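In what follows, a single structure is set out as structure tokens and then discussed.
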Amino acid sequence: MKIYDELVARGLIAQVTDENEIKELVNNGKATFYIGFDPTADSLHVGHFMALCLMKRLQMAGNKPIVLIGGGTGYIGDPSGRTDMRSMMTPETIQHNCDCFKRQMERFIEFGEDKAIMVNNADWLLGLNYIELLRDVGACFSVNRMLSAECYKQRMEKGLSFLEFNYMIMQSYDFYHLFKEYNCNMQFGGDDQWSNMLYGTELIRKKLGKDAYAMTINLLLNSEGKKMGKTASGAVWLDPNKTPPYDFYQYWRNVGDKDVLKCIRMLTFLPLEEIDAMDKWEGAELNRAKEILAYELTKLIHGEDEAKAAEAASRALFVSGDSALTPSVEVDADMLNDGAIDVISLLCLGKMVPSRSEGRRAIEQGGVSVGGEKVSDVKATVSRDALTAGVLIKRGKKSFNKFVLK
């Protein structure tokens, strides 16, 4: 099966322009394509992982990826999918986040001569002269058409800042720049980026002539990724310090029955024939499919050793009730007050809740247990002796941690 047909079969492609030309380029390893990542945090999350999987598949088929880090567009913030304006980041924060992204991507995408390259749009956007940009690029954009774009429509009621309104121009300029400087002939993005992507192609053709060779392809990255990358306690990060490998494994182990095969197709590198055979699986077999999904993705992100450890811990806890292999969270003795520490602090320490208020709510709703006993008092504490022996805390059915005194 050709790579383009495989992308379709895996459910990755939603909409394209110039399909025949795109198939020709991709299937013959002639595509130089880019995907952009704005540095809105100091770690990539599961939504980004979908884009990285796509890049890896296409690179394996001989195509050349360009990873675009949005060090420049990060100064503005993408309004897509937002009901309010993003928080403004300092230049130092933006640079730090860019550096974090680069380190994580280098573990997954193969960079080097004649391989993938990484660029930062701060290198060309921050030096643009505003008046020159208005005259050179602004004349190519219709305000009426821009306002009709889905990425802006949802913000019009609450107010769209002029700062954010410029994001489409900046993203379009990125493709224009990459086409000229790196012979980038294709751009990929999520479905909420479609308008921005089309304008990028249009800008190239208006500035360089109708014969300019540039195409866009729309992939279900952002809509699916944002949904998959969120839980009740926040985002599922690729950084093990933010989402430990065991928690990462457990997240995928607990996806819904209707989503498990879709996730396996989109995110793993298992052969399609093997995945198609799982279509007939039901009941307990679906649990096996979830274990396969969780193991494969944890191995891709954190390595085989971590995947095996997470799998063993999960099976030990859920099958035999043995908490010995459950990941441990160390509690510093300085955190104790009068020889004890409150349960809410432990929930926060173990990243089982995003905030103390959420921890309080979880206890009030009866969703927290300590050592097998349900906790009903939001002021409940765990003693030094209990921590010395190790105490298992559960939140709901999916979040577990063993806390031990450091």
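Note on naming: chains are A, B, ... as they come in the structure tokens, residues start from 1 per chain, ligands start from 1 in the order shown.
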Residues within 10 Å of region 177-192 of chain A, only C-alpha atoms, excluding chain neighbours under 3 positions, as a short mmCIF file (atom, residue, chain, number, x, y, z; two decimals) with N, CA and C atoms, in the first residue's frame:
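Written file, around.cif:
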data_model
loop_
_atom_site.label_atom_id
_atom_site.label_comp_id
_atom_site.auth_asym_id
_atom_site.auth_seq_id
_atom_site.Cartn_x
_atom_site.Cartn_y
_atom_site.Cartn_z
N ILE A 13 -6.48 11.68 7.09
CA ILE A 13 -6.74 12.75 6.14
C ILE A 13 -8.23 13.08 6.08
N ALA A 14 -8.55 14.34 6.26
CA ALA A 14 -9.93 14.79 6.21
C ALA A 14 -10.24 15.54 4.92
N GLN A 15 -9.30 16.31 4.44
CA GLN A 15 -9.54 17.17 3.27
C GLN A 15 -8.21 17.59 2.68
N VAL A 16 -8.15 17.68 1.35
CA VAL A 16 -6.91 18.08 0.70
C VAL A 16 -7.22 19.00 -0.47
N ILE A 22 -0.61 15.81 -4.79
CA ILE A 22 -0.14 15.46 -3.45
C ILE A 22 0.22 13.98 -3.38
N LEU A 25 3.56 13.37 -5.13
CA LEU A 25 4.71 13.81 -4.36
C LEU A 25 4.98 12.89 -3.17
N VAL A 26 3.93 12.64 -2.39
CA VAL A 26 4.07 11.87 -1.15
C VAL A 26 4.48 10.43 -1.45
N LYS A 30 8.83 12.84 -2.69
CA LYS A 30 9.26 14.13 -3.22
C LYS A 30 8.67 15.32 -2.47
N ALA A 31 7.96 15.06 -1.40
CA ALA A 31 7.33 16.15 -0.65
C ALA A 31 8.31 16.73 0.37
N THR A 32 8.41 18.05 0.37
CA THR A 32 9.07 18.77 1.46
C THR A 32 7.95 19.52 2.17
N PHE A 33 7.59 19.09 3.34
CA PHE A 33 6.38 19.58 4.00
C PHE A 33 6.70 20.13 5.39
N TYR A 34 5.81 20.98 5.87
CA TYR A 34 6.03 21.50 7.22
C TYR A 34 4.76 21.41 8.05
N ILE A 35 4.98 21.30 9.35
CA ILE A 35 3.93 21.41 10.35
C ILE A 35 4.44 22.36 11.41
N GLY A 36 3.58 23.28 11.84
CA GLY A 36 3.98 24.28 12.83
C GLY A 36 3.55 23.91 14.24
N PHE A 37 4.39 24.27 15.21
CA PHE A 37 4.13 24.03 16.63
C PHE A 37 4.38 25.32 17.38
N ALA A 51 0.72 14.83 15.22
CA ALA A 51 1.46 15.47 14.13
C ALA A 51 2.84 14.83 13.97
N LEU A 54 2.57 11.59 12.12
CA LEU A 54 2.41 11.82 10.68
C LEU A 54 3.76 12.14 10.04
N MET A 55 4.52 13.01 10.69
CA MET A 55 5.84 13.36 10.17
C MET A 55 6.73 12.13 10.05
N LYS A 64 10.64 14.76 3.14
CA LYS A 64 11.45 15.60 4.03
C LYS A 64 10.58 16.50 4.90
N PRO A 65 10.59 16.30 6.21
CA PRO A 65 9.81 17.15 7.10
C PRO A 65 10.55 18.43 7.49
N ILE A 66 9.80 19.50 7.61
CA ILE A 66 10.31 20.73 8.22
C ILE A 66 9.48 20.97 9.47
N LEU A 68 8.44 23.41 12.12
CA LEU A 68 8.43 24.86 12.32
C LEU A 68 8.05 25.17 13.77
N PRO A 79 -5.73 32.17 17.61
CA PRO A 79 -7.08 32.27 18.17
C PRO A 79 -7.93 31.04 17.90
N SER A 80 -7.47 30.12 17.05
CA SER A 80 -8.26 28.94 16.69
C SER A 80 -8.62 28.13 17.93
N GLY A 81 -9.90 27.77 18.03
CA GLY A 81 -10.36 26.93 19.12
C GLY A 81 -10.37 27.61 20.47
N ILE A 117 14.53 18.97 9.06
CA ILE A 117 15.16 20.18 9.57
C ILE A 117 14.18 20.88 10.52
N VAL A 119 13.18 24.71 12.03
CA VAL A 119 13.33 26.15 11.86
C VAL A 119 12.44 26.86 12.86
N ASN A 121 10.23 30.41 13.29
CA ASN A 121 9.76 31.56 12.52
C ASN A 121 10.09 32.90 13.16
N TRP A 124 12.54 35.02 10.95
CA TRP A 124 12.13 35.91 9.86
C TRP A 124 10.96 36.83 10.23
N LEU A 125 10.10 36.42 11.17
CA LEU A 125 8.96 37.27 11.51
C LEU A 125 9.35 38.48 12.36
N ALA A 149 -13.70 33.22 8.21
CA ALA A 149 -12.98 32.00 8.58
C ALA A 149 -13.48 31.47 9.93
N GLU A 150 -13.58 30.14 10.05
CA GLU A 150 -14.08 29.53 11.28
C GLU A 150 -13.22 29.89 12.48
N CYS A 151 -11.92 30.04 12.27
CA CYS A 151 -11.03 30.32 13.39
C CYS A 151 -11.30 31.69 14.02
N GLN A 171 0.93 33.19 9.72
CA GLN A 171 1.03 31.78 9.33
C GLN A 171 1.15 31.64 7.81
N SER A 172 0.41 32.47 7.08
CA SER A 172 0.52 32.44 5.62
C SER A 172 1.92 32.83 5.17
N TYR A 173 2.48 33.82 5.86
CA TYR A 173 3.83 34.28 5.51
C TYR A 173 4.85 33.18 5.77
N ASP A 174 4.60 32.37 6.79
CA ASP A 174 5.50 31.24 7.07
C ASP A 174 5.63 30.34 5.85
N SER A 195 -8.36 27.57 6.89
CA SER A 195 -8.38 28.91 6.28
C SER A 195 -6.98 29.50 6.21
N ASN A 196 -6.23 29.38 7.29
CA ASN A 196 -4.86 29.90 7.32
C ASN A 196 -4.00 29.22 6.25
N MET A 197 -4.19 27.92 6.10
CA MET A 197 -3.39 27.16 5.15
C MET A 197 -3.71 27.55 3.71
N LEU A 198 -5.00 27.71 3.42
CA LEU A 198 -5.40 28.10 2.07
C LEU A 198 -4.83 29.48 1.71
N GLY A 200 -2.09 30.69 2.82
CA GLY A 200 -0.66 30.53 2.58
C GLY A 200 -0.38 30.15 1.14
N THR A 201 -1.15 29.19 0.62
CA THR A 201 -1.00 28.81 -0.78
C THR A 201 -1.34 29.97 -1.71
N ILE A 204 1.45 32.59 -1.87
CA ILE A 204 2.56 32.17 -2.72
C ILE A 204 2.24 32.40 -4.20
N LEU A 208 4.27 35.00 -6.36
CA LEU A 208 5.27 34.37 -7.22
C LEU A 208 4.70 33.85 -8.54
N ALA A 212 3.59 28.90 -9.34
CA ALA A 212 4.29 28.54 -8.11
C ALA A 212 3.70 27.24 -7.56
N TYR A 213 4.58 26.32 -7.23
CA TYR A 213 4.14 24.98 -6.87
C TYR A 213 4.04 24.85 -5.35
N ALA A 214 2.85 25.00 -4.83
CA ALA A 214 2.64 24.85 -3.39
C ALA A 214 1.24 24.31 -3.16
N MET A 215 1.12 23.41 -2.22
CA MET A 215 -0.16 22.79 -1.95
C MET A 215 -0.41 22.72 -0.46
N THR A 216 -1.66 22.47 -0.12
CA THR A 216 -2.00 22.29 1.28
C THR A 216 -2.69 20.95 1.45
N ILE A 217 -2.58 20.42 2.62
CA ILE A 217 -3.30 19.20 2.96
C ILE A 217 -3.86 19.37 4.36
N ASN A 218 -5.10 19.03 4.54
CA ASN A 218 -5.74 19.20 5.83
C ASN A 218 -5.87 17.86 6.53
N LEU A 219 -5.34 17.77 7.73
CA LEU A 219 -5.34 16.51 8.46
C LEU A 219 -6.00 16.70 9.82
N LEU A 220 -6.71 15.69 10.26
CA LEU A 220 -7.37 15.78 11.55
C LEU A 220 -6.35 15.63 12.68
N LEU A 221 -5.58 16.69 12.87
CA LEU A 221 -4.59 16.66 13.94
C LEU A 221 -5.11 17.39 15.17
N ASN A 222 -5.47 18.65 15.00
CA ASN A 222 -5.83 19.45 16.16
C ASN A 222 -7.14 19.03 16.82
N SER A 223 -8.20 18.82 16.03
CA SER A 223 -9.49 18.49 16.64
C SER A 223 -9.42 17.18 17.40
N GLU A 224 -8.85 16.15 16.78
CA GLU A 224 -8.73 14.87 17.45
C GLU A 224 -7.69 14.95 18.57
N GLY A 225 -6.58 15.62 18.29
CA GLY A 225 -5.51 15.69 19.26
C GLY A 225 -5.89 16.42 20.52
#
Backbone DSSP call of alpha helix (DSSP H) for region 26-259 of chain A, listed as a PyMOL selection string: chain A and resi 26-27+46-60+91-105+122-125+130-136+143-147+150-156+162-165+167-182+194-208+222-228+245-253+257-259
Length of the CA of Leu7 (chain A) to CA of Met170 (chain A) vector [Å]: 28.4 Å
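Around Ser355 (chain A), within 12 Å and counting only C-alpha atoms, the residues found are Ala232, Ser233, Gly234, Ile344, Ser345, Leu346, Leu347, Cys348, Leu349, Gly350, Lys351, Met352, Glu358, Gly359, Arg360, Arg361 and Ala362 of chain A, once anything fewer than 3 positions away on its own chain is removed.
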Pull C-alpha atoms from the residues just selected and write them as a short mmCIF file (atom, residue, chain, number, x, y, z; two decimals), in the first residue's frame.
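And here's again.cif as it stands now:
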data_model
loop_
_atom_site.label_atom_id
_atom_site.label_comp_id
_atom_site.auth_asym_id
_atom_site.auth_seq_id
_atom_site.Cartn_x
_atom_site.Cartn_y
_atom_site.Cartn_z
CA ALA A 232 -10.20 15.87 33.90
CA SER A 233 -6.91 16.83 35.51
CA GLY A 234 -5.37 18.66 32.55
CA ILE A 344 -5.00 17.19 49.14
CA SER A 345 -1.30 18.09 49.14
CA LEU A 346 -0.46 14.51 48.18
CA LEU A 347 -3.00 14.57 45.34
CA CYS A 348 -1.35 17.72 44.00
CA LEU A 349 2.17 16.33 44.49
CA GLY A 350 1.27 13.22 42.52
CA LYS A 351 -0.33 15.33 39.77
CA MET A 352 -3.59 13.50 40.35
CA GLU A 358 -9.98 20.22 42.43
CA GLY A 359 -8.55 17.92 45.11
CA ARG A 360 -11.09 19.18 47.62
CA ARG A 361 -13.87 18.60 45.11
CA ALA A 362 -12.67 15.06 44.38
#
Interatomic distance, CA of Gln365 (chain A) to CA of Ile341 (chain A) (Å, one decimal): 20.7 Å
Residue contacts of Asp5 (chain A) (9 Å, only C-alpha atoms) excluding same-chain residues fewer than 4 positions away, as an NGL selection string: :A and (1 or 9-10 or 23 or 27)
Contacts of Arg265 (chain A) within 8 Å, only C-alpha atoms, excl. fewer than 6 positions in-chain, as JSON, numbers by chain: {"A": [10, 11, 272, 275]}
Preceding selection exported with N, CA and C atoms as a PDB file, in the first residue's frame:
ATOM      1  N   ARG A  10      -5.760   4.937   7.658  1.00  0.00           N
ATOM      2  CA  ARG A  10      -5.599   5.149   9.105  1.00  0.00           C
ATOM      3  C   ARG A  10      -6.481   6.269   9.628  1.00  0.00           C
ATOM      4  N   GLY A  11      -7.248   6.909   8.755  1.00  0.00           N
ATOM      5  CA  GLY A  11      -8.184   7.935   9.192  1.00  0.00           C
ATOM      6  C   GLY A  11      -7.558   9.269   9.490  1.00  0.00           C
ATOM      7  N   LEU A 272      -1.531  -2.368   9.268  1.00  0.00           N
ATOM      8  CA  LEU A 272      -2.980  -2.232   9.161  1.00  0.00           C
ATOM      9  C   LEU A 272      -3.681  -3.586   9.152  1.00  0.00           C
ATOM     10  N   ILE A 275      -4.229  -4.568  12.642  1.00  0.00           N
ATOM     11  CA  ILE A 275      -5.254  -3.749  13.276  1.00  0.00           C
ATOM     12  C   ILE A 275      -6.639  -4.131  12.768  1.00  0.00           C
TER      13      ILE A 275
END
Show which residues sit within 10 Å of Phe400 (chain A), as an mmCIF file with N, CA and C atoms, in the first residue's frame. Count only C-alpha atoms, and ignore same-chain residues fewer than 6 positions away.
data_model
loop_
_atom_site.group_PDB
_atom_site.id
_atom_site.type_symbol
_atom_site.label_atom_id
_atom_site.label_comp_id
_atom_site.auth_asym_id
_atom_site.auth_seq_id
_atom_site.Cartn_x
_atom_site.Cartn_y
_atom_site.Cartn_z
ATOM 1 N N TYR A 246 3.942 5.972 33.705
ATOM 2 C CA TYR A 246 2.835 5.134 34.177
ATOM 3 C C TYR A 246 1.493 5.825 33.931
ATOM 4 N N ASP A 247 1.412 7.119 34.228
ATOM 5 C CA ASP A 247 0.168 7.862 33.995
ATOM 6 C C ASP A 247 -0.141 7.956 32.506
ATOM 7 N N GLN A 250 -1.528 4.646 31.574
ATOM 8 C CA GLN A 250 -2.883 4.490 32.098
ATOM 9 C C GLN A 250 -3.902 5.313 31.311
ATOM 10 N N SER A 314 0.565 -1.839 35.911
ATOM 11 C CA SER A 314 -0.872 -1.791 35.665
ATOM 12 C C SER A 314 -1.511 -3.151 35.873
ATOM 13 N N LEU A 317 -1.626 -4.183 39.579
ATOM 14 C CA LEU A 317 -2.614 -3.460 40.368
ATOM 15 C C LEU A 317 -4.032 -3.880 40.026
ATOM 16 N N SER A 323 -0.016 -3.565 44.812
ATOM 17 C CA SER A 323 0.424 -2.195 44.552
ATOM 18 C C SER A 323 1.940 -2.053 44.581
ATOM 19 N N THR A 326 3.307 -0.280 41.582
ATOM 20 C CA THR A 326 2.742 1.019 41.249
ATOM 21 C C THR A 326 3.808 2.110 41.383
ATOM 22 N N PRO A 327 3.897 3.038 40.447
ATOM 23 C CA PRO A 327 4.902 4.107 40.523
ATOM 24 C C PRO A 327 4.832 4.851 41.847
ATOM 25 N N SER A 328 5.998 5.111 42.406
ATOM 26 C CA SER A 328 6.067 5.777 43.700
ATOM 27 C C SER A 328 6.317 7.271 43.536
ATOM 28 N N LEU A 347 -2.356 14.629 46.657
ATOM 29 C CA LEU A 347 -2.996 14.566 45.340
ATOM 30 C C LEU A 347 -2.333 15.529 44.370
ATOM 31 N N GLY A 350 1.290 14.322 43.471
ATOM 32 C CA GLY A 350 1.274 13.223 42.515
ATOM 33 C C GLY A 350 0.637 13.571 41.190
ATOM 34 N N MET A 352 -2.315 14.180 40.516
ATOM 35 C CA MET A 352 -3.592 13.496 40.353
ATOM 36 C C MET A 352 -4.734 14.501 40.224
ATOM 37 N N VAL A 368 -11.918 9.710 46.255
ATOM 38 C CA VAL A 368 -10.537 9.518 46.715
ATOM 39 C C VAL A 368 -10.501 8.477 47.834
ATOM 40 N N SER A 369 -9.538 7.561 47.740
ATOM 41 C CA SER A 369 -9.339 6.589 48.814
ATOM 42 C C SER A 369 -7.870 6.547 49.192
ATOM 43 N N LEU A 392 -1.008 3.769 49.329
ATOM 44 C CA LEU A 392 -1.602 3.864 48.006
ATOM 45 C C LEU A 392 -2.786 4.808 48.045
ATOM 46 N N ILE A 393 -2.776 5.812 47.186
ATOM 47 C CA ILE A 393 -3.894 6.745 47.074
ATOM 48 C C ILE A 393 -4.485 6.613 45.683
ATOM 49 N N LYS A 394 -5.805 6.514 45.623
ATOM 50 C CA LYS A 394 -6.507 6.392 44.355
ATOM 51 C C LYS A 394 -7.461 7.563 44.186
#
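One finds CA of Phe175 (chain A) at 21.5 Å from CA of Phe162 (chain A).
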